[in-house]
>>> print(open('data.tsv').read())   # TSV, C-alpha atoms and all ligand atoms
chain	number	residue	atom	x	y	z
A	1	MET	CA	10.85	2.16	-20.30
A	2	LYS	CA	11.47	1.87	-16.59
A	3	LYS	CA	9.70	-0.45	-14.19
A	4	ILE	CA	6.19	0.52	-13.14
A	5	SER	CA	4.48	-0.12	-9.80
A	6	LEU	CA	0.74	0.07	-9.39
A	7	VAL	CA	0.05	1.01	-5.78
A	8	VAL	CA	-3.47	0.11	-4.77
A	9	PRO	CA	-5.32	0.33	-1.42
A	10	VAL	CA	-8.12	-2.20	-1.08
A	11	TYR	CA	-10.85	-2.47	1.49
A	12	ASN	CA	-13.74	-4.87	0.99
A	13	GLU	CA	-13.38	-4.84	-2.79
A	14	GLU	CA	-14.22	-8.49	-3.57
A	15	GLU	CA	-16.66	-7.40	-6.25
A	16	VAL	CA	-14.23	-5.29	-8.25
A	17	ILE	CA	-10.73	-6.62	-7.68
A	18	LEU	CA	-10.63	-9.22	-10.45
A	19	GLN	CA	-12.08	-6.86	-12.99
A	20	PHE	CA	-9.48	-4.28	-11.94
A	21	LEU	CA	-6.70	-6.83	-12.50
A	22	ARG	CA	-8.11	-7.83	-15.89
A	23	GLU	CA	-8.40	-4.28	-17.19
A	24	THR	CA	-5.07	-3.02	-15.89
A	25	LYS	CA	-3.18	-6.13	-17.03
A	26	ALA	CA	-4.51	-5.73	-20.55
A	27	VAL	CA	-3.18	-2.17	-20.65
A	28	LEU	CA	0.17	-2.92	-18.98
A	29	GLN	CA	0.95	-5.91	-21.14
A	30	LYS	CA	0.58	-3.81	-24.26
A	31	LEU	CA	3.15	-1.36	-22.93
A	32	ARG	CA	5.83	-4.05	-22.85
A	33	VAL	CA	7.50	-2.73	-19.70
A	34	PRO	CA	8.28	-4.49	-16.46
A	35	TYR	CA	5.59	-3.90	-13.90
A	36	GLU	CA	4.30	-4.98	-10.50
A	37	TYR	CA	1.18	-4.55	-8.44
A	38	VAL	CA	1.41	-3.61	-4.78
A	39	PHE	CA	-1.95	-4.20	-3.12
A	40	VAL	CA	-2.41	-3.23	0.50
A	41	ASP	CA	-5.47	-4.76	2.07
A	42	ASP	CA	-6.76	-2.41	4.71
A	43	GLY	CA	-8.40	-5.00	6.97
A	44	SER	CA	-11.08	-6.29	4.59
A	45	ALA	CA	-13.79	-8.46	6.11
A	46	ASP	CA	-14.89	-9.97	2.80
A	47	ARG	CA	-13.06	-12.30	0.38
A	48	THR	CA	-10.69	-9.62	-0.97
A	49	VAL	CA	-7.57	-11.12	0.65
A	50	GLU	CA	-8.44	-14.65	-0.37
A	51	ILE	CA	-8.92	-13.56	-3.98
A	52	LEU	CA	-5.71	-11.55	-4.06
A	53	LYS	CA	-3.68	-14.34	-2.45
A	54	ALA	CA	-4.80	-16.74	-5.14
A	55	GLN	CA	-3.87	-14.20	-7.83
A	56	ALA	CA	-0.48	-13.55	-6.24
A	57	GLN	CA	0.27	-17.27	-6.30
A	58	LYS	CA	-0.34	-17.37	-10.02
A	59	ASP	CA	1.50	-14.17	-10.86
A	60	ARG	CA	4.72	-13.13	-9.17
A	61	ARG	CA	4.22	-9.55	-10.25
A	62	ILE	CA	1.43	-9.26	-7.70
A	63	LYS	CA	2.55	-8.27	-4.20
A	64	LEU	CA	0.14	-8.23	-1.31
A	65	VAL	CA	0.43	-6.60	2.09
A	66	VAL	CA	-2.36	-7.34	4.57
A	67	PHE	CA	-3.23	-5.12	7.51
A	68	SER	CA	-4.73	-6.96	10.44
A	69	TYR	CA	-7.27	-4.20	11.01
A	70	ASN	CA	-8.71	-1.23	9.16
A	71	GLN	CA	-6.26	1.68	9.41
A	72	GLY	CA	-7.70	3.99	6.80
A	73	LYS	CA	-6.92	4.58	3.17
A	74	ALA	CA	-4.00	6.96	3.75
A	75	HIS	CA	-2.09	4.28	5.66
A	76	ALA	CA	-2.83	1.67	3.04
A	77	VAL	CA	-1.55	3.93	0.26
A	78	SER	CA	1.58	4.80	2.23
A	79	ALA	CA	2.37	1.14	2.85
A	80	ALA	CA	1.88	0.37	-0.83
A	81	ILE	CA	4.33	3.13	-1.78
A	82	ALA	CA	6.82	1.82	0.79
A	83	HIS	CA	6.76	-1.66	-0.77
A	84	ALA	CA	6.91	-0.54	-4.39
A	85	LYS	CA	10.13	-1.03	-6.33
A	86	GLY	CA	9.27	0.73	-9.59
A	87	GLU	CA	10.73	3.89	-11.09
A	88	TYR	CA	7.25	5.16	-11.85
A	89	LEU	CA	4.42	4.63	-9.41
A	90	ILE	CA	0.81	4.67	-10.46
A	91	TYR	CA	-1.74	5.22	-7.75
A	92	MET	CA	-5.30	4.14	-8.51
A	93	ASP	CA	-8.23	2.84	-6.54
A	94	PRO	CA	-9.45	-0.58	-7.66
A	95	ASP	CA	-13.07	0.48	-8.13
A	96	LEU	CA	-12.39	1.50	-11.76
A	97	GLN	CA	-13.75	5.03	-11.32
A	98	ASP	CA	-10.49	6.08	-12.94
A	99	SER	CA	-9.98	4.38	-16.25
A	100	PRO	CA	-6.97	2.05	-16.79
A	101	ALA	CA	-7.11	3.08	-20.45
A	102	ASP	CA	-5.57	6.40	-19.36
A	103	ILE	CA	-2.42	4.76	-17.95
A	104	PRO	CA	-0.35	5.11	-21.14
A	105	ARG	CA	-1.12	8.84	-21.45
A	106	MET	CA	-0.22	9.39	-17.79
A	107	LEU	CA	3.11	7.61	-18.30
A	108	THR	CA	3.91	9.58	-21.43
A	109	GLU	CA	3.39	12.73	-19.39
A	110	ILE	CA	5.62	11.70	-16.45
A	111	GLU	CA	8.36	10.71	-18.88
A	112	LYS	CA	8.61	14.33	-19.94
A	113	GLY	CA	10.41	14.95	-16.65
A	114	TYR	CA	7.73	15.79	-14.09
A	115	ASP	CA	7.90	14.29	-10.63
A	116	LEU	CA	4.10	14.08	-10.36
A	117	VAL	CA	1.18	13.96	-12.78
A	118	TRP	CA	-2.26	14.59	-11.29
A	119	GLY	CA	-5.20	13.03	-13.05
A	120	ILE	CA	-7.89	15.67	-13.37
A	121	ARG	CA	-11.55	14.82	-13.77
A	122	LYS	CA	-13.76	16.90	-15.98
A	123	GLU	CA	-16.71	16.49	-13.78
A	124	LYS	CA	-17.07	14.60	-10.53
A	125	ARG	CA	-19.63	11.82	-10.70
A	126	ASP	CA	-20.50	12.15	-7.06
A	127	SER	CA	-23.65	13.27	-5.33
A	128	PHE	CA	-24.35	17.01	-5.18
A	129	LEU	CA	-23.64	17.12	-1.46
A	130	ASN	CA	-20.33	15.30	-1.88
A	131	ARG	CA	-19.28	17.63	-4.67
A	132	GLN	CA	-20.07	20.75	-2.65
A	133	THR	CA	-18.31	19.53	0.49
A	134	SER	CA	-15.28	18.56	-1.49
A	135	LYS	CA	-15.19	21.94	-3.30
A	136	LEU	CA	-15.40	23.77	0.01
A	137	PHE	CA	-12.69	21.57	1.49
A	138	TRP	CA	-10.19	22.29	-1.30
A	139	LEU	CA	-11.06	25.98	-1.29
A	140	LEU	CA	-10.38	26.34	2.43
A	141	LEU	CA	-7.25	24.22	2.25
A	142	GLY	CA	-5.85	26.43	-0.47
A	143	LYS	CA	-6.68	29.58	1.50
A	144	PHE	CA	-5.14	28.38	4.75
A	145	THR	CA	-2.01	26.69	3.45
A	146	GLY	CA	-1.23	28.74	0.36
A	147	LEU	CA	-0.73	25.47	-1.55
A	148	LYS	CA	-1.56	25.64	-5.24
A	149	ILE	CA	-4.19	22.98	-5.69
A	150	PRO	CA	-5.20	21.89	-9.19
A	151	LYS	CA	-8.97	21.89	-9.73
A	152	GLY	CA	-10.81	18.59	-9.86
A	153	ILE	CA	-8.05	16.17	-8.93
A	154	ALA	CA	-8.91	12.52	-9.39
A	155	VAL	CA	-7.50	9.65	-7.36
A	156	PHE	CA	-5.42	8.64	-10.34
A	157	ARG	CA	-1.86	9.99	-10.25
A	158	VAL	CA	1.61	8.98	-11.35
A	159	PHE	CA	4.89	9.97	-9.71
A	160	ASN	CA	8.54	9.08	-9.96
A	161	ARG	CA	10.96	7.29	-7.64
A	162	GLU	CA	12.53	10.46	-6.27
A	163	PHE	CA	9.08	11.75	-5.32
A	164	ALA	CA	8.16	8.43	-3.70
A	165	ASN	CA	11.33	8.49	-1.60
A	166	GLU	CA	10.56	12.01	-0.49
A	167	PHE	CA	7.01	10.95	0.40
A	168	LEU	CA	8.32	8.09	2.54
A	169	LYS	CA	10.19	10.55	4.76
A	170	TYR	CA	6.87	11.83	6.07
A	171	ARG	CA	6.11	10.10	9.31
A	172	GLU	CA	2.86	11.71	10.49
A	173	SER	CA	0.47	9.13	11.81
A	174	ASN	CA	-2.52	11.23	10.84
A	175	ARG	CA	-1.68	11.64	7.22
A	176	PHE	CA	-3.33	13.66	4.53
A	177	ILE	CA	-1.94	12.30	1.29
A	178	GLU	CA	-2.90	15.15	-1.04
A	179	GLY	CA	-1.39	17.73	1.32
A	180	ILE	CA	1.91	15.85	1.44
A	181	PHE	CA	1.87	15.40	-2.35
A	182	LEU	CA	1.24	19.09	-2.92
A	183	SER	CA	4.01	20.15	-0.63
A	184	ILE	CA	6.76	17.85	-1.92
A	185	SER	CA	6.29	18.08	-5.66
A	186	LYS	CA	8.83	20.31	-7.35
A	187	LYS	CA	7.52	19.95	-10.86
A	188	SER	CA	4.02	18.66	-11.35
A	189	THR	CA	1.49	18.80	-14.12
A	190	THR	CA	-2.09	17.74	-14.70
A	191	LEU	CA	-3.78	15.57	-17.30
A	192	GLN	CA	-7.48	15.16	-17.91
A	193	VAL	CA	-8.62	11.58	-17.33
A	194	GLY	CA	-11.92	9.83	-17.93
A	195	GLN	CA	-14.28	9.01	-15.11
A	196	ARG	CA	-16.56	6.05	-14.78
A	197	ASP	CA	-18.98	4.92	-12.15
A	198	ARG	CA	-17.70	2.54	-9.50
A	199	PHE	CA	-17.62	-0.89	-11.21
A	200	ALA	CA	-19.41	-2.55	-8.27
A	201	GLY	CA	-19.68	-2.31	-4.52
A	202	LYS	CA	-20.27	0.81	-2.46
A	203	THR	CA	-18.16	3.77	-1.47
A	204	LYS	CA	-16.19	3.12	1.71
A	205	LEU	CA	-15.70	6.73	2.62
A	206	ASN	CA	-18.28	8.63	4.62
A	207	LEU	CA	-19.06	12.33	4.62
A	208	SER	CA	-16.94	13.20	7.63
B	1	LIG	N1	-10.16	2.22	1.25
B	1	LIG	C1	-9.21	1.77	2.14
B	1	LIG	N2	-9.47	1.87	3.49
B	1	LIG	C2	-10.63	2.44	3.97
B	1	LIG	C3	-11.56	2.93	3.04
B	1	LIG	C4	-11.29	2.82	1.69
B	1	LIG	O1	-8.16	1.27	1.75
B	1	LIG	O2	-10.79	2.49	5.18
B	1	LIG	C5	-9.90	2.11	-0.19
B	1	LIG	C6	-11.05	1.51	-0.98
B	1	LIG	O3	-10.93	0.13	-1.15
B	1	LIG	C7	-10.92	2.21	-2.31
B	1	LIG	C8	-10.30	3.55	-1.97
B	1	LIG	O4	-9.73	3.41	-0.67
B	1	LIG	O5	-10.02	1.53	-3.14
B	1	LIG	C9	-11.28	4.70	-2.01
B	1	LIG	O6	-12.47	4.33	-1.42
B	1	LIG	P1	-13.86	4.52	-2.14
B	1	LIG	O7	-13.79	4.14	-3.57
B	1	LIG	O8	-14.86	3.83	-1.32
B	1	LIG	O9	-14.03	6.10	-2.02
B	1	LIG	P2	-14.58	7.13	-3.08
B	1	LIG	O10	-13.99	6.80	-4.41
B	1	LIG	O11	-16.06	6.95	-3.05
B	1	LIG	O12	-14.12	8.45	-2.55
B	2	MG	MG	-13.83	5.22	-5.39
>>> encode(input="data.tsv", output="structure tokens")
Amino acid sequence: MKKISLVVPVYNEEEVILQFLRETKAVLQKLRVPYEYVFVDDGSADRTVEILKAQAQKDRRIKLVVFSYNQGKAHAVSAAIAHAKGEYLIYMDPDLQDSPADIPRMLTEIEKGYDLVWGIRKEKRDSFLNRQTSKLFWLLLGKFTGLKIPKGIAVFRVFNREFANEFLKYRESNRFIEGIFLSISKKSTTLQVGQRDRFAGKTKLNLS
């Protein structure tokens, strides 16, 4: 199989980052394919960078990009995609809300010839208010843009090199990742993935 890149934005994730590496490594090693991690630290103020630097020194498959200040998740993800060299890119948050155990199924799906596989969650494990706001957001977005938005998309998604190159042509400074993804995919599919609670730490995103 072709080389895989895990593209991962991190912001103050000192409590989860090692567990994320442990769990994903266990899964990736079983696949027996070349892989790399591309972590982009979005201006963490905790020990995240220190921890990742130490890991990167031990394992050459771990790449680390460090922002000098917090630019927002969308920028961190974009930078990670820009530095990735793989044929298949896996985008996950490090908080383990999406389960690394689903990586093999996601890869099997993308190998069927899709450019993008959306992980879909059965049920969002967020607060009621968060769920309602997010529902309303996707509903309005669909209405106004005419984009076909799969229901219940998780953070977890896999896409191919061609898709990544297309994504990198977008230069908006105020970027909305899902919108760009929806508009550039020519052949996407969805796959139901498991959801867990955040392994540790708190959500970094606020209501607005
Ligand atoms: N994140 C980031 N920059 C930010 C805020 C968050 O890179 O300014 C990262 C964070 O480390 C996490 C991901 O984006 O990996 C999503 O954040 P979080 O898990 O807090 O959001 P939620 O899952 O609650 O929507
Ligand atoms: Mg999260």
>>> closest_residue(input="data.tsv", among="A:Phe39, A:Tyr114, A:Phe144, A:Tyr69", to="A:Glu162", atoms="only C-alpha atoms")
A:Tyr114
>>> atom_distance(input="data.tsv", atom1="atom CA of A:Lys151", atom2="atom CA of A:Ile180")
16.7 Å
>>> closest_atom_pairs(input="data.tsv", of="chain A", to="ligand LIG 1 (chain B)", cutoff="10 Å", atoms="all atoms listed in the file", output="CSV")
residue,atom,partner,partner_atom,distance
A:Val8,CA,B:LIG1,O5,6.9
A:Pro9,CA,B:LIG1,O1,4.4
A:Val10,CA,B:LIG1,O3,3.7
A:Tyr11,CA,B:LIG1,O3,3.7
A:Asn12,CA,B:LIG1,O3,6.1
A:Glu13,CA,B:LIG1,O3,5.8
A:Glu14,CA,B:LIG1,O3,9.5
A:Val16,CA,B:LIG1,O5,9.5
A:Ile17,CA,B:LIG1,O5,9.4
A:Phe39,CA,B:LIG1,O1,9.6
A:Val40,CA,B:LIG1,O1,7.4
A:Asp41,CA,B:LIG1,O1,6.6
A:Asp42,CA,B:LIG1,O1,4.9
A:Gly43,CA,B:LIG1,N2,7.8
A:Ser44,CA,B:LIG1,N2,8.4
A:Thr48,CA,B:LIG1,O3,9.8
A:Phe67,CA,B:LIG1,O1,9.9
A:Tyr69,CA,B:LIG1,O2,9.5
A:Asn70,CA,B:LIG1,O2,5.8
A:Gln71,CA,B:LIG1,O2,6.3
A:Gly72,CA,B:LIG1,O2,3.8
A:Lys73,CA,B:LIG1,N2,3.7
A:Ala74,CA,B:LIG1,O1,7.3
A:His75,CA,B:LIG1,O1,7.8
A:Ala76,CA,B:LIG1,O1,5.5
A:Val77,CA,B:LIG1,O1,7.3
A:Met92,CA,B:LIG1,O5,7.6
A:Asp93,CA,B:LIG1,O5,4.1
A:Pro94,CA,B:LIG1,O5,5.0
A:Asp95,CA,B:LIG1,O7,5.9
A:Leu96,CA,B:LIG1,O7,8.7
A:Gln97,CA,B:LIG1,O10,7.1
A:Asp98,CA,B:LIG1,O10,9.2
A:Arg125,CA,B:LIG1,O11,9.7
A:Asp126,CA,B:LIG1,O11,7.9
A:Asn130,CA,B:LIG1,O12,9.3
A:Ala154,CA,B:LIG1,O10,9.1
A:Val155,CA,B:LIG1,O10,7.7
A:Asp197,CA,B:LIG1,O10,9.4
A:Arg198,CA,B:LIG1,O7,7.3
A:Phe199,CA,B:LIG1,O7,9.9
A:Ala200,CA,B:LIG1,O7,9.9
A:Gly201,CA,B:LIG1,O8,8.4
A:Lys202,CA,B:LIG1,O8,6.3
A:Thr203,CA,B:LIG1,O8,3.3
A:Lys204,CA,B:LIG1,O8,3.4
A:Leu205,CA,B:LIG1,O8,5.0
A:Asn206,CA,B:LIG1,O11,8.2
A:Leu207,CA,B:LIG1,O12,9.5
>>> closest_residue(input="data.tsv", among="A:Gly86, A:Gly142, A:Gly113, A:Pro150", to="A:Tyr37", atoms="only C-alpha atoms")
A:Gly86
>>> closest_residue(input="data.tsv", among="A:Phe137, A:Tyr88, A:Tyr170, A:Phe156", to="ligand MG 2 (chain B)", atoms="all atoms listed in the file")
A:Phe156
>>> closest_residue(input="data.tsv", among="A:Leu31, A:Ser99, A:Lys63, A:Lys122", to="ligand MG 2 (chain B)", atoms="all atoms listed in the file")
A:Ser99
>>> residues_around(input="data.tsv", residues="A:Pro34", least_positions_apart="4", cutoff="10 Å", atoms="only C-alpha atoms", output="JSON, numbers by chain")
{"A": [1, 2, 3, 4, 5, 28, 29, 61, 86]}
>>> atom_distance(input="data.tsv", atom1="atom CA of A:Ala54", atom2="atom CA of A:Ala79")
20.9 Å
>>> atom_distance(input="data.tsv", atom1="atom CA of A:Arg157", atom2="atom CA of A:Met106")
7.7 Å
>>> axis_aligned_box(input="data.tsv", around="stretch 70-75 of chain A", padding_each_side="3 Å", output="JSON")
{"center_x": -5.4, "center_y": 2.9, "center_z": 6.3, "size_x": 12.6, "size_y": 14.2, "size_z": 12.2}
>>> closest_residue(input="data.tsv", among="A:Ala45, A:Ile90, A:Ile149, A:Ile110", to="A:Val7", atoms="only C-alpha atoms")
A:Ile90
>>> residues_near_point(input="data.tsv", point="(0.7, -12.3, -3.5)", cutoff="9 Å", atoms="all atoms listed in the file", output="ChimeraX atom specification")
/A:38-39,52-65
>>> write_last_selection(input="data.tsv", atoms="C-alpha atoms", output="PDB file, keeping the file's coordinate frame")
ATOM      1  CA  VAL A  38       1.410  -3.610  -4.780  1.00  0.00           C
ATOM      2  CA  PHE A  39      -1.950  -4.200  -3.120  1.00  0.00           C
ATOM      3  CA  LEU A  52      -5.710 -11.550  -4.060  1.00  0.00           C
ATOM      4  CA  LYS A  53      -3.680 -14.340  -2.450  1.00  0.00           C
ATOM      5  CA  ALA A  54      -4.800 -16.740  -5.140  1.00  0.00           C
ATOM      6  CA  GLN A  55      -3.870 -14.200  -7.830  1.00  0.00           C
ATOM      7  CA  ALA A  56      -0.480 -13.550  -6.240  1.00  0.00           C
ATOM      8  CA  GLN A  57       0.270 -17.270  -6.300  1.00  0.00           C
ATOM      9  CA  LYS A  58      -0.340 -17.370 -10.020  1.00  0.00           C
ATOM     10  CA  ASP A  59       1.500 -14.170 -10.860  1.00  0.00           C
ATOM     11  CA  ARG A  60       4.720 -13.130  -9.170  1.00  0.00           C
ATOM     12  CA  ARG A  61       4.220  -9.550 -10.250  1.00  0.00           C
ATOM     13  CA  ILE A  62       1.430  -9.260  -7.700  1.00  0.00           C
ATOM     14  CA  LYS A  63       2.550  -8.270  -4.200  1.00  0.00           C
ATOM     15  CA  LEU A  64       0.140  -8.230  -1.310  1.00  0.00           C
ATOM     16  CA  VAL A  65       0.430  -6.600   2.090  1.00  0.00           C
TER      17      VAL A  65
END
>>> closest_residue(input="data.tsv", among="A:Arg22, A:Arg161, A:Arg196, A:Arg121", to="ligand MG 2 (chain B)", atoms="all atoms listed in the file")
A:Arg196
>>> residues_around(input="data.tsv", residues="A:Trp118", least_positions_apart="6", cutoff="7 Å", atoms="all atoms listed in the file", output="PyMOL selection string")
chain A and resi 153+156-158+189-191
